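Shown here: data_24.cif, mmCIF, C-alpha atoms.
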data_my_file
loop_
_atom_site.label_atom_id
_atom_site.label_comp_id
_atom_site.auth_asym_id
_atom_site.auth_seq_id
_atom_site.Cartn_x
_atom_site.Cartn_y
_atom_site.Cartn_z
CA MET A 1428 -1.63 -27.04 6.92
CA THR A 1429 2.01 -26.33 6.13
CA TYR A 1430 2.36 -23.10 4.18
CA ARG A 1431 4.95 -22.59 1.50
CA VAL A 1432 6.55 -19.15 1.37
CA HIS A 1433 8.10 -18.23 -1.96
CA GLY A 1434 10.52 -15.50 -0.98
CA MET A 1435 14.00 -14.02 -1.01
CA SER A 1436 15.63 -14.14 2.44
CA VAL A 1437 17.30 -10.72 2.18
CA SER A 1438 14.03 -9.00 1.17
CA GLY A 1439 12.26 -7.13 3.96
CA ASN A 1440 8.87 -7.75 2.35
CA CYS A 1441 9.56 -11.51 2.43
CA HIS A 1442 10.95 -11.31 5.96
CA LYS A 1443 7.54 -10.10 7.18
CA ALA A 1444 6.02 -13.52 6.35
CA ARG A 1445 8.78 -15.35 8.25
CA VAL A 1446 8.31 -13.12 11.33
CA ILE A 1447 4.55 -13.62 11.62
CA LEU A 1448 4.77 -17.37 10.95
CA ASP A 1449 7.43 -17.73 13.66
CA LEU A 1450 5.60 -15.52 16.18
CA THR A 1451 2.33 -17.43 15.71
CA GLY A 1452 3.98 -20.85 15.55
CA GLN A 1453 2.53 -21.84 12.17
CA PRO A 1454 4.58 -24.41 10.21
CA TYR A 1455 5.97 -23.44 6.83
CA GLU A 1456 8.46 -24.35 4.17
CA TRP A 1457 10.61 -21.57 2.70
CA ILE A 1458 11.19 -21.70 -1.07
CA GLU A 1459 14.09 -19.39 -1.88
CA VAL A 1460 13.46 -17.27 -5.01
CA ASP A 1461 16.29 -15.19 -6.41
CA SER A 1462 14.23 -12.20 -7.49
CA ALA A 1463 17.38 -10.14 -8.08
CA HIS A 1464 18.31 -12.53 -10.92
CA GLY A 1465 15.05 -13.27 -12.73
CA GLY A 1466 13.49 -15.74 -10.30
CA THR A 1467 10.17 -13.84 -10.35
CA ARG A 1468 10.13 -13.59 -14.15
CA THR A 1469 9.83 -17.30 -14.97
CA LEU A 1470 6.57 -18.55 -16.49
CA GLU A 1471 6.10 -20.78 -13.45
CA PHE A 1472 6.42 -17.86 -11.04
CA LEU A 1473 4.26 -15.51 -13.12
CA ALA A 1474 1.52 -18.16 -13.11
CA MET A 1475 1.44 -17.75 -9.31
CA ASN A 1476 1.72 -13.96 -9.30
CA SER A 1477 1.30 -12.16 -12.60
CA ASN A 1478 2.66 -9.03 -10.91
CA GLY A 1479 6.05 -10.80 -10.65
CA LYS A 1480 6.87 -10.05 -7.02
CA VAL A 1481 7.81 -11.99 -3.90
CA PRO A 1482 6.63 -12.97 -1.36
CA VAL A 1483 3.84 -15.36 -2.35
CA LEU A 1484 2.12 -17.52 0.27
CA GLU A 1485 1.05 -20.92 -1.09
CA PHE A 1486 -1.52 -23.19 0.56
CA ASP A 1487 -1.72 -27.00 0.60
CA ASP A 1488 -4.55 -26.87 -1.94
CA GLY A 1489 -2.58 -24.72 -4.38
CA ARG A 1490 -4.21 -21.37 -3.61
CA VAL A 1491 -1.73 -18.49 -3.56
CA LEU A 1492 -1.68 -15.07 -1.92
CA PRO A 1493 0.76 -12.34 -3.02
CA GLU A 1494 1.50 -8.96 -1.34
CA SER A 1495 3.46 -9.01 1.90
CA ASN A 1496 1.00 -6.97 3.93
CA ALA A 1497 -2.00 -9.01 2.78
CA ILE A 1498 -0.04 -12.11 3.83
CA LEU A 1499 0.64 -10.52 7.24
CA PHE A 1500 -3.07 -9.76 7.67
CA PHE A 1501 -4.14 -13.26 6.65
CA LEU A 1502 -1.66 -15.07 8.89
CA ALA A 1503 -2.41 -12.83 11.90
CA GLU A 1504 -6.21 -13.00 11.79
CA ASN A 1505 -7.60 -14.31 15.07
CA SER A 1506 -4.29 -13.64 16.84
CA ALA A 1507 -3.27 -10.85 19.21
CA PHE A 1508 -1.29 -9.23 16.38
CA ILE A 1509 -4.50 -7.74 14.91
CA PRO A 1510 -6.56 -5.64 17.38
CA ALA A 1511 -10.12 -6.74 18.10
CA ASP A 1512 -11.24 -3.10 18.12
CA ARG A 1513 -12.55 -1.91 14.74
CA PHE A 1514 -10.89 1.52 14.84
CA GLU A 1515 -7.54 0.09 15.95
CA ARG A 1516 -7.77 -2.52 13.19
CA ALA A 1517 -8.17 0.32 10.69
CA GLN A 1518 -5.20 2.13 12.26
CA VAL A 1519 -3.11 -1.01 11.75
CA LEU A 1520 -4.01 -0.91 8.06
CA GLN A 1521 -3.33 2.84 7.98
CA TRP A 1522 0.30 2.24 9.01
CA MET A 1523 0.64 -0.73 6.65
CA PHE A 1524 -0.48 1.40 3.70
CA PHE A 1525 1.85 4.16 4.92
CA GLU A 1526 4.63 1.57 4.87
CA GLN A 1527 4.00 0.49 1.29
CA TYR A 1528 3.39 4.00 -0.11
CA SER A 1529 5.53 6.43 1.91
CA HIS A 1530 8.33 4.28 3.37
CA GLU A 1531 9.20 1.17 1.33
CA PRO A 1532 9.59 2.94 -2.06
CA TYR A 1533 12.38 5.06 -0.52
CA VAL A 1534 13.93 3.16 2.40
CA ALA A 1535 13.88 -0.25 0.70
CA VAL A 1536 14.88 1.02 -2.73
CA ALA A 1537 17.92 2.90 -1.36
CA ARG A 1538 19.02 -0.32 0.35
CA PHE A 1539 18.43 -2.32 -2.84
CA ILE A 1540 20.65 0.03 -4.83
CA LYS A 1541 23.47 0.00 -2.26
CA LEU A 1542 23.37 -3.77 -1.60
CA PHE A 1543 22.69 -5.16 -5.06
CA LEU A 1544 23.99 -2.73 -7.70
CA PRO A 1545 27.64 -1.95 -8.54
CA GLU A 1546 28.80 1.53 -7.52
CA GLU A 1547 29.02 2.78 -11.09
CA HIS A 1548 25.34 1.94 -11.76
CA PRO A 1549 23.29 4.96 -12.96
CA ARG A 1550 20.63 4.29 -10.31
CA TYR A 1551 23.08 5.60 -7.67
CA THR A 1552 21.98 9.09 -8.79
CA GLU A 1553 18.57 8.33 -7.25
CA LEU A 1554 20.03 8.03 -3.75
CA PRO A 1555 19.85 11.68 -2.54
CA LYS A 1556 16.14 11.89 -3.37
CA LEU A 1557 15.47 8.46 -1.83
CA ILE A 1558 17.30 9.45 1.37
CA GLU A 1559 15.32 12.72 1.56
CA ARG A 1560 11.95 10.97 1.15
CA GLY A 1561 12.92 8.07 3.39
CA ASP A 1562 14.00 10.52 6.10
CA GLN A 1563 10.54 12.10 5.87
CA ALA A 1564 8.92 8.71 6.52
CA LEU A 1565 11.29 8.00 9.42
CA SER A 1566 10.45 11.46 10.87
CA VAL A 1567 6.73 10.71 10.75
CA MET A 1568 7.45 7.44 12.58
CA ASP A 1569 9.73 9.09 15.14
CA ARG A 1570 7.13 11.75 16.03
CA HIS A 1571 4.42 9.09 16.34
CA LEU A 1572 6.61 6.97 18.63
CA ALA A 1573 7.50 9.91 20.91
CA SER A 1574 4.48 9.13 23.11
CA ARG A 1575 3.89 5.43 22.56
CA ASP A 1576 5.60 2.05 22.59
CA PHE A 1577 3.97 0.51 19.51
CA PHE A 1578 2.27 1.96 16.43
CA VAL A 1579 -1.30 1.06 17.44
CA GLY A 1580 -2.67 0.54 20.95
CA ASN A 1581 -0.30 -0.78 23.59
CA THR A 1582 0.78 -4.05 22.00
CA LEU A 1583 2.81 -5.43 19.14
CA THR A 1584 0.72 -5.65 15.95
CA ILE A 1585 1.35 -6.41 12.28
CA ALA A 1586 1.73 -2.64 11.76
CA ASP A 1587 4.95 -2.82 13.79
CA ILE A 1588 6.06 -5.96 11.94
CA ALA A 1589 5.45 -4.33 8.54
CA LEU A 1590 7.38 -1.18 9.46
CA HIS A 1591 10.19 -3.13 11.14
CA ALA A 1592 11.02 -4.96 7.91
CA TYR A 1593 12.90 -2.17 6.14
CA THR A 1594 13.49 0.12 9.14
CA HIS A 1595 15.74 -2.26 11.06
CA CYS A 1596 18.08 -2.52 8.07
CA ALA A 1597 17.73 1.11 6.92
CA GLU A 1598 21.40 1.86 7.61
CA GLU A 1599 22.25 -0.54 4.77
CA GLY A 1600 20.55 2.01 2.49
CA GLY A 1601 22.53 4.93 3.90
CA PHE A 1602 20.03 6.18 6.49
CA ASP A 1603 21.30 7.33 9.89
CA LEU A 1604 18.96 5.97 12.56
CA ALA A 1605 20.77 8.01 15.24
CA GLU A 1606 18.63 10.91 13.99
CA PHE A 1607 15.50 9.01 15.03
CA PRO A 1608 15.94 8.00 18.69
CA ASN A 1609 12.31 6.96 19.22
CA VAL A 1610 12.56 4.68 16.19
CA ARG A 1611 15.73 3.09 17.61
CA ARG A 1612 14.08 2.49 21.00
CA TRP A 1613 11.07 0.97 19.22
CA LEU A 1614 13.35 -1.35 17.19
CA ALA A 1615 15.00 -2.56 20.42
CA ARG A 1616 11.51 -3.07 21.92
CA LEU A 1617 10.46 -5.21 18.95
CA GLU A 1618 13.62 -7.28 19.24
CA ALA A 1619 12.84 -7.82 22.94
CA ASN A 1620 9.37 -8.97 21.87
CA GLY A 1621 10.72 -11.65 19.56
CA VAL A 1622 10.73 -9.87 16.19
CA ALA A 1623 13.76 -11.36 14.45
CA SER A 1624 16.18 -9.43 12.27
CA MET A 1625 16.89 -10.43 8.71
CA PRO A 1626 19.95 -12.63 8.19
CA ASN A 1627 23.05 -10.37 8.28
CA ALA A 1628 20.94 -7.23 8.41
CA ASP A 1629 22.62 -4.08 9.74
CA THR A 1630 20.09 -3.30 12.47
CA GLY A 1631 21.49 0.08 13.45
CA LEU A 1632 21.30 -0.98 17.09
CA THR A 1633 25.01 -1.63 17.55
CA ALA A 1634 26.21 1.62 15.95
CA MET B 172 -22.35 9.80 13.65
CA THR B 173 -21.71 12.16 10.76
CA TYR B 174 -18.21 11.69 9.40
CA ARG B 175 -16.14 14.55 8.08
CA VAL B 176 -14.01 13.77 5.03
CA HIS B 177 -11.06 16.11 4.49
CA GLY B 178 -10.36 15.63 0.82
CA MET B 179 -9.76 17.07 -2.63
CA SER B 180 -12.63 16.28 -4.99
CA VAL B 181 -10.44 15.64 -8.05
CA SER B 182 -8.22 13.17 -6.16
CA GLY B 183 -8.94 9.51 -6.80
CA ASN B 184 -7.75 8.55 -3.33
CA CYS B 185 -10.27 10.98 -1.81
CA HIS B 186 -12.98 9.84 -4.21
CA LYS B 187 -12.77 6.33 -2.70
CA ALA B 188 -14.16 7.66 0.61
CA ARG B 189 -17.06 9.37 -1.16
CA VAL B 190 -17.92 6.19 -3.08
CA ILE B 191 -18.06 3.88 -0.04
CA LEU B 192 -19.97 6.43 2.07
CA ASP B 193 -22.56 6.85 -0.70
CA LEU B 194 -22.85 3.10 -1.38
CA THR B 195 -23.35 2.30 2.31
CA GLY B 196 -25.60 5.30 2.99
CA GLN B 197 -23.50 6.75 5.80
CA PRO B 198 -23.88 10.52 6.34
CA TYR B 199 -20.85 12.74 5.91
CA GLU B 200 -19.69 16.28 5.43
CA TRP B 201 -17.02 16.95 2.80
CA ILE B 202 -14.30 19.47 3.73
CA GLU B 203 -12.52 20.51 0.54
CA VAL B 204 -8.72 20.67 0.97
CA ASP B 205 -6.64 22.11 -1.85
CA SER B 206 -3.69 19.78 -1.53
CA ALA B 207 -2.27 21.00 -4.86
CA HIS B 208 -1.74 24.45 -3.27
CA GLY B 209 -0.47 23.77 0.24
CA GLY B 210 -3.72 22.76 1.94
CA THR B 211 -2.11 19.65 3.43
CA ARG B 212 0.95 21.57 4.65
CA THR B 213 -0.77 23.84 7.21
CA LEU B 214 -0.05 23.26 10.90
CA GLU B 215 -3.74 22.51 11.41
CA PHE B 216 -3.73 19.80 8.74
CA LEU B 217 -0.41 18.29 9.82
CA ALA B 218 -1.80 17.97 13.36
CA MET B 219 -4.43 15.61 11.86
CA ASN B 220 -2.03 13.73 9.57
CA SER B 221 1.68 14.30 10.06
CA ASN B 222 2.23 12.56 6.71
CA GLY B 223 0.53 15.54 5.01
CA LYS B 224 -1.85 13.66 2.71
CA VAL B 225 -5.57 13.61 1.98
CA PRO B 226 -7.99 11.99 2.53
CA VAL B 227 -8.45 12.04 6.30
CA LEU B 228 -11.64 10.67 7.88
CA GLU B 229 -12.66 12.59 11.03
CA PHE B 230 -15.08 11.26 13.65
CA ASP B 231 -17.52 13.18 15.88
CA ASP B 232 -15.20 12.70 18.85
CA GLY B 233 -12.18 14.13 17.01
CA ARG B 234 -10.44 10.85 16.17
CA VAL B 235 -8.92 10.84 12.69
CA LEU B 236 -7.99 8.13 10.21
CA PRO B 237 -5.67 8.81 7.23
CA GLU B 238 -4.88 6.54 4.23
CA SER B 239 -7.59 6.04 1.64
CA ASN B 240 -7.55 2.25 1.69
CA ALA B 241 -7.65 2.06 5.51
CA ILE B 242 -10.65 4.42 5.34
CA LEU B 243 -12.30 2.13 2.76
CA PHE B 244 -11.74 -0.89 5.01
CA PHE B 245 -13.07 0.88 8.11
CA LEU B 246 -16.20 2.21 6.42
CA ALA B 247 -16.98 -1.12 4.73
CA GLU B 248 -16.59 -3.40 7.76
CA ASN B 249 -19.77 -5.37 8.39
CA SER B 250 -21.05 -4.58 4.89
CA ALA B 251 -21.20 -6.74 1.76
CA PHE B 252 -18.23 -4.81 0.35
CA ILE B 253 -15.80 -6.86 2.48
CA PRO B 254 -16.09 -10.66 2.05
CA ALA B 255 -16.95 -12.74 5.10
CA ASP B 256 -14.51 -15.45 3.97
CA ARG B 257 -11.03 -15.05 5.48
CA PHE B 258 -9.11 -15.89 2.30
CA GLU B 259 -11.24 -13.61 0.16
CA ARG B 260 -10.78 -10.82 2.70
CA ALA B 261 -7.02 -11.24 2.33
CA GLN B 262 -7.39 -11.18 -1.47
CA VAL B 263 -9.25 -7.88 -1.17
CA LEU B 264 -6.26 -6.49 0.75
CA GLN B 265 -3.89 -8.03 -1.80
CA TRP B 266 -5.46 -5.95 -4.58
CA MET B 267 -5.60 -2.84 -2.40
CA PHE B 268 -1.86 -3.10 -1.68
CA PHE B 269 -1.29 -3.76 -5.40
CA GLU B 270 -3.24 -0.56 -6.07
CA GLN B 271 -1.11 1.59 -3.75
CA TYR B 272 2.25 0.07 -4.72
CA SER B 273 2.05 -0.98 -8.39
CA HIS B 274 -0.77 1.17 -9.84
CA GLU B 275 -1.30 4.53 -8.10
CA PRO B 276 2.37 5.67 -8.20
CA TYR B 277 2.24 5.46 -12.00
CA VAL B 278 -1.37 5.88 -13.16
CA ALA B 279 -2.26 8.61 -10.66
CA VAL B 280 1.06 10.44 -10.93
CA ALA B 281 0.87 10.62 -14.75
CA ARG B 282 -2.61 12.14 -14.41
CA PHE B 283 -1.39 14.59 -11.77
CA ILE B 284 1.38 15.82 -14.05
CA LYS B 285 -0.93 16.23 -17.07
CA LEU B 286 -3.82 17.83 -15.16
CA PHE B 287 -1.98 20.05 -12.69
CA LEU B 288 1.44 21.01 -14.08
CA PRO B 289 2.17 23.39 -16.99
CA GLU B 290 3.47 21.67 -20.14
CA GLU B 291 6.97 23.11 -19.75
CA HIS B 292 7.35 21.58 -16.27
CA PRO B 293 10.42 19.28 -15.94
CA ARG B 294 8.27 16.49 -14.47
CA TYR B 295 6.83 15.90 -17.98
CA THR B 296 10.03 13.93 -18.67
CA GLU B 297 8.75 11.32 -16.18
CA LEU B 298 5.73 10.50 -18.35
CA PRO B 299 7.17 7.75 -20.62
CA LYS B 300 8.34 5.72 -17.61
CA LEU B 301 5.06 6.31 -15.77
CA ILE B 302 3.04 5.19 -18.80
CA GLU B 303 5.20 2.05 -19.17
CA ARG B 304 4.80 1.07 -15.51
CA GLY B 305 1.12 2.04 -15.43
CA ASP B 306 0.50 -0.08 -18.54
CA GLN B 307 2.07 -3.03 -16.69
CA ALA B 308 -0.40 -2.59 -13.82
CA LEU B 309 -3.32 -2.28 -16.24
CA SER B 310 -2.13 -5.46 -18.01
CA VAL B 311 -2.12 -7.37 -14.72
CA MET B 312 -5.68 -6.16 -14.11
CA ASP B 313 -6.81 -6.98 -17.63
CA ARG B 314 -5.51 -10.56 -17.42
CA HIS B 315 -7.14 -11.05 -14.02
CA LEU B 316 -10.48 -9.75 -15.33
CA ALA B 317 -10.44 -12.02 -18.40
CA SER B 318 -12.28 -14.72 -16.45
CA ARG B 319 -14.16 -12.80 -13.77
CA ASP B 320 -16.52 -9.89 -13.23
CA PHE B 321 -14.98 -8.42 -10.08
CA PHE B 322 -11.52 -8.60 -8.50
CA VAL B 323 -12.45 -10.95 -5.65
CA GLY B 324 -15.31 -13.45 -5.54
CA ASN B 325 -18.42 -12.68 -7.54
CA THR B 326 -19.42 -9.36 -6.02
CA LEU B 327 -18.35 -5.75 -5.82
CA THR B 328 -15.83 -5.22 -2.99
CA ILE B 329 -13.60 -2.41 -1.78
CA ALA B 330 -10.83 -3.91 -3.95
CA ASP B 331 -12.85 -2.86 -7.01
CA ILE B 332 -13.57 0.55 -5.49
CA ALA B 333 -9.88 1.14 -4.72
CA LEU B 334 -8.78 0.17 -8.25
CA HIS B 335 -11.63 2.08 -9.90
CA ALA B 336 -10.44 5.39 -8.42
CA TYR B 337 -7.51 6.05 -10.76
CA THR B 338 -8.39 3.55 -13.49
CA HIS B 339 -11.63 5.22 -14.58
CA CYS B 340 -9.78 8.49 -15.18
CA ALA B 341 -6.55 6.93 -16.49
CA GLU B 342 -7.01 8.49 -19.94
CA GLU B 343 -6.47 11.90 -18.31
CA GLY B 344 -2.92 10.68 -17.61
CA GLY B 345 -2.35 9.59 -21.20
CA PHE B 346 -3.24 5.89 -20.88
CA ASP B 347 -5.24 4.22 -23.65
CA LEU B 348 -7.88 2.01 -22.05
CA ALA B 349 -8.83 0.61 -25.48
CA GLU B 350 -5.77 -1.65 -25.02
CA PHE B 351 -7.44 -3.19 -21.95
CA PRO B 352 -10.91 -4.38 -23.00
CA ASN B 353 -11.57 -6.43 -19.86
CA VAL B 354 -10.75 -3.38 -17.74
CA ARG B 355 -13.20 -1.26 -19.77
CA ARG B 356 -15.98 -3.84 -19.36
CA TRP B 357 -15.25 -3.97 -15.62
CA LEU B 358 -15.44 -0.16 -15.38
CA ALA B 359 -18.85 -0.22 -17.10
CA ARG B 360 -19.94 -2.99 -14.70
CA LEU B 361 -18.92 -0.89 -11.69
CA GLU B 362 -20.82 2.09 -13.06
CA ALA B 363 -23.91 -0.14 -13.47
CA ASN B 364 -23.43 -1.15 -9.81
CA GLY B 365 -23.54 2.43 -8.58
CA VAL B 366 -19.84 3.32 -8.39
CA ALA B 367 -19.80 7.01 -9.27
CA SER B 368 -17.18 8.71 -11.42
CA MET B 369 -15.19 11.65 -10.17
CA PRO B 370 -16.55 15.08 -11.12
CA ASN B 371 -15.50 15.79 -14.73
CA ALA B 372 -13.37 12.66 -14.92
CA ASP B 373 -12.57 11.32 -18.37
CA THR B 374 -13.87 7.80 -17.84
CA GLY B 375 -12.60 6.34 -21.10
CA LEU B 376 -16.05 4.79 -21.63
CA THR B 377 -17.20 7.25 -24.27
CA ALA B 378 -14.02 7.13 -26.35
#

So that I can check it, write out the structure of this file as structure tokens.
Amino acid sequence: MTYRVHGMSVSGNCHKARVILDLTGQPYEWIEVDSAHGGTRTLEFLAMNSNGKVPVLEFDDGRVLPESNAILFFLAENSAFIPADRFERAQVLQWMFFEQYSHEPYVAVARFIKLFLPEEHPRYTELPKLIERGDQALSVMDRHLASRDFFVGNTLTIADIALHAYTHCAEEGGFDLAEFPNVRRWLARLEANGVASMPNADTGLTA
Amino acid sequence: MTYRVHGMSVSGNCHKARVILDLTGQPYEWIEVDSAHGGTRTLEFLAMNSNGKVPVLEFDDGRVLPESNAILFFLAENSAFIPADRFERAQVLQWMFFEQYSHEPYVAVARFIKLFLPEEHPRYTELPKLIERGDQALSVMDRHLASRDFFVGNTLTIADIALHAYTHCAEEGGFDLAEFPNVRRWLARLEANGVASMPNADTGLTA
């Protein structure tokens, strides 16, 4: 089985699929989709995912799976990146839902506005609110990491990979990771454990 | 084991925990938390969930689990409400992440504004955008349900329970479920399969 990943390389959600495929050594082909310029709005793409979002994981037999964190879960099943313990498995999902509800809509959206929209765009007025809410999410993470090395248990799981995606490039959205020292140490720990950064991402680790 | 659910009865996210506990016959105690009036901002509550959100599932030994969809997954493991097939299990998570990212932030938030805020509140200006985005999510659901009875496979799963939570009371947020006939048939099917409505919820089925 060689998977096909339909994704945009500079999207953190898409990057998650690349990270887990690389860490688990599963072969894949990357199909670049320019979602910033209509690539997810074509009839062909909408037939794969009627919700019009990347990434989408495609199988040899044509089956498709959207949603980055569902893709992470699928590709990590039966690996060390999902805990065998039932409660820890639920905690992994807890942090992945936290990521999609309380983190990504602020941290990723601020980065999107600053990287992809011209400075005179009206969406720049959203930034102060996005920074405030994103800082709240980063604070929750920083407190949690004060007493532990990874989000769940003592090992790297897909919860870490999901939260790494938009945290390691948060400075591109205007966040100051120096305010969150436990988060910065955790990012360095993930890097030491083979979690790759996005191409050209500002990781906040060299600041 | 008797679980304790810290939740607000009129919250769809909290309702999910009640539905799966009732369907699987697991005993629980319900601790009402008035999150609309600061109940999730007390030091005691924040010690359980530093993200300040209900529901939280508490165990006999004091362990706690936040995030409604992680709670659903935990309570449904080893039951028929999570498919045994690996791909179907990932599809269940796909729809649960869709629910938290593309549905709840619009459908639930519109309902929150209309049910809990006075009509002169500035957040009423958010409603047109919330209705537009919520309608998009309901359209994705309606198309998916055109050719199937449940979201994944041929049986009721926690994907249905997660999406039921804010869909069955969507009319309270100003959505018109008559535009989504497959969604309405699916809601009636869930009701026939024992998925309870929220107390006093406007289910859209009698309209």

Would you list the contacts of segment 191-193 of chain B as a compact mmCIF listing (two decimals) with C-alpha atoms, in the frame of the given file, taking every protein, DNA or RNA residue within 8 Å and counting only C-alpha atoms, but skipping same-chain residues closer than 5 positions in sequence?
# COMPACT_ATOMS: atom_id res chain seq x y z
CA PRO B 198 -23.88 10.52 6.34
CA TYR B 199 -20.85 12.74 5.91
CA LEU B 243 -12.30 2.13 2.76
CA LEU B 246 -16.20 2.21 6.42
CA ALA B 247 -16.98 -1.12 4.73
CA ILE B 329 -13.60 -2.41 -1.78
CA ILE B 332 -13.57 0.55 -5.49

**Q.** Residues in the PyMOL selection byres ((chain B) within 7 of (chain A)), expressed as a PyMOL selection string
**A.** chain B and resi 221-222+236-238+241+244-245+261-262+264-265+268+271-272+311

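Nearest to Ala1444 of chain A of all the residues A:Ala1592, A:Thr1469, A:Val1536, A:Lys1556 is A:Ala1592, based on only C-alpha atoms.
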
Q. What is the atom CA of Leu301 of chain B-atom CA of Gly345 of chain B distance in Å, reported with one decimal?
A. 9.8 Å

Q: Could you tell me how far atom CA of Phe230 of chain B lies from atom CA of Asp1576 of chain A, in Å and to one decimal?
A: 24.3 Å

(Q) Would you compute the distance between atom CA of Ala255 of chain B and atom CA of Ala1507 of chain A? Give it in Å to one decimal. (A) 19.7 Å

Q | Residues in the PyMOL selection byres ((chain B and resi 317) around 10), expressed as a ChimeraX atom specification | A | /B:312-316,318-320,351-354,356-357

Could you list the residues chosen by the PyMOL selection byres ((chain B and resi 179) around 8) in this structure as a compact mmCIF listing (two decimals) with C-alpha atoms, keeping the file's coordinate frame?
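Okay, this is what ended up in selection-v2.txt:
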# COMPACT_ATOMS: atom_id res chain seq x y z
CA HIS B 177 -11.06 16.11 4.49
CA GLY B 178 -10.36 15.63 0.82
CA SER B 180 -12.63 16.28 -4.99
CA VAL B 181 -10.44 15.64 -8.05
CA SER B 182 -8.22 13.17 -6.16
CA CYS B 185 -10.27 10.98 -1.81
CA GLU B 203 -12.52 20.51 0.54
CA VAL B 204 -8.72 20.67 0.97
CA ASP B 205 -6.64 22.11 -1.85
CA SER B 206 -3.69 19.78 -1.53
CA VAL B 225 -5.57 13.61 1.98
CA PRO B 226 -7.99 11.99 2.53

Q.
I'd like to know which of B:Leu348, B:Ile202, B:Ala281, B:Leu286 is closest to Leu309 of chain B, using all atoms listed in the file.
A.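 Ranking B:Leu348, B:Ile202, B:Ala281, B:Leu286 by distance to Leu309 of chain B, first place goes to B:Leu348.
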
Edge lengths and centre in Å to one decimal, as JSON, of the axis-aligned box that encloses all listed atoms of segment 300-306 of chain B with 4 Å added on every side?
{"center_x": 4.4, "center_y": 3.1, "center_z": -17.3, "size_x": 15.8, "size_y": 14.4, "size_z": 11.7}

(Q) Using only C-alpha atoms for the distances, tell me which of A:His1464, A:Gly1452, A:Thr1584, A:Val1432 is nearest to Leu1544 of chain A. (A) A:His1464

Q.
Using all atoms listed in the file, which protein or nucleic acid residues come within 10 Å of Arg282 of chain B? Drop anything in the same chain fewer than 4 positions from it, and give the result as a ChimeraX atom specification.
A. /B:275,277-278,286-288,298,301-302,337,340-346

Take segment 350-364 of chain B, bring it up to N, CA and C atoms, and give me the output as a PDB file, in the frame of the given file.
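Everything below was put into out.pdb:
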ATOM      1  N   GLU B 350      -6.690  -0.508 -25.024  1.00  0.00           N
ATOM      2  CA  GLU B 350      -5.770  -1.650 -25.020  1.00  0.00           C
ATOM      3  C   GLU B 350      -6.160  -2.692 -23.967  1.00  0.00           C
ATOM      4  N   PHE B 351      -7.095  -2.330 -23.086  1.00  0.00           N
ATOM      5  CA  PHE B 351      -7.440  -3.190 -21.950  1.00  0.00           C
ATOM      6  C   PHE B 351      -8.947  -3.419 -21.920  1.00  0.00           C
ATOM      7  N   PRO B 352      -9.446  -4.238 -22.856  1.00  0.00           N
ATOM      8  CA  PRO B 352     -10.910  -4.380 -23.000  1.00  0.00           C
ATOM      9  C   PRO B 352     -11.597  -4.956 -21.776  1.00  0.00           C
ATOM     10  N   ASN B 353     -10.928  -5.873 -21.065  1.00  0.00           N
ATOM     11  CA  ASN B 353     -11.570  -6.430 -19.860  1.00  0.00           C
ATOM     12  C   ASN B 353     -11.680  -5.355 -18.771  1.00  0.00           C
ATOM     13  N   VAL B 354     -10.695  -4.482 -18.710  1.00  0.00           N
ATOM     14  CA  VAL B 354     -10.750  -3.380 -17.740  1.00  0.00           C
ATOM     15  C   VAL B 354     -11.917  -2.450 -18.088  1.00  0.00           C
ATOM     16  N   ARG B 355     -12.097  -2.156 -19.382  1.00  0.00           N
ATOM     17  CA  ARG B 355     -13.200  -1.260 -19.770  1.00  0.00           C
ATOM     18  C   ARG B 355     -14.552  -1.880 -19.450  1.00  0.00           C
ATOM     19  N   ARG B 356     -14.700  -3.190 -19.693  1.00  0.00           N
ATOM     20  CA  ARG B 356     -15.980  -3.840 -19.360  1.00  0.00           C
ATOM     21  C   ARG B 356     -16.219  -3.818 -17.850  1.00  0.00           C
ATOM     22  N   TRP B 357     -15.136  -4.014 -17.092  1.00  0.00           N
ATOM     23  CA  TRP B 357     -15.250  -3.970 -15.620  1.00  0.00           C
ATOM     24  C   TRP B 357     -15.639  -2.563 -15.150  1.00  0.00           C
ATOM     25  N   LEU B 358     -15.064  -1.537 -15.761  1.00  0.00           N
ATOM     26  CA  LEU B 358     -15.440  -0.160 -15.380  1.00  0.00           C
ATOM     27  C   LEU B 358     -16.924   0.085 -15.641  1.00  0.00           C
ATOM     28  N   ALA B 359     -17.427  -0.394 -16.791  1.00  0.00           N
ATOM     29  CA  ALA B 359     -18.850  -0.220 -17.100  1.00  0.00           C
ATOM     30  C   ALA B 359     -19.716  -0.981 -16.096  1.00  0.00           C
ATOM     31  N   ARG B 360     -19.217  -2.169 -15.681  1.00  0.00           N
ATOM     32  CA  ARG B 360     -19.940  -2.990 -14.700  1.00  0.00           C
ATOM     33  C   ARG B 360     -20.012  -2.261 -13.350  1.00  0.00           C
ATOM     34  N   LEU B 361     -18.914  -1.634 -12.958  1.00  0.00           N
ATOM     35  CA  LEU B 361     -18.920  -0.890 -11.690  1.00  0.00           C
ATOM     36  C   LEU B 361     -19.913   0.267 -11.764  1.00  0.00           C
ATOM     37  N   GLU B 362     -19.888   0.972 -12.888  1.00  0.00           N
ATOM     38  CA  GLU B 362     -20.820   2.090 -13.060  1.00  0.00           C
ATOM     39  C   GLU B 362     -22.265   1.594 -12.931  1.00  0.00           C
ATOM     40  N   ALA B 363     -22.555   0.432 -13.553  1.00  0.00           N
ATOM     41  CA  ALA B 363     -23.910  -0.140 -13.470  1.00  0.00           C
ATOM     42  C   ALA B 363     -24.252  -0.565 -12.047  1.00  0.00           C
ATOM     43  N   ASN B 364     -23.214  -0.779 -11.216  1.00  0.00           N
ATOM     44  CA  ASN B 364     -23.430  -1.150  -9.810  1.00  0.00           C
ATOM     45  C   ASN B 364     -23.353   0.043  -8.867  1.00  0.00           C
TER      46      ASN B 364
END
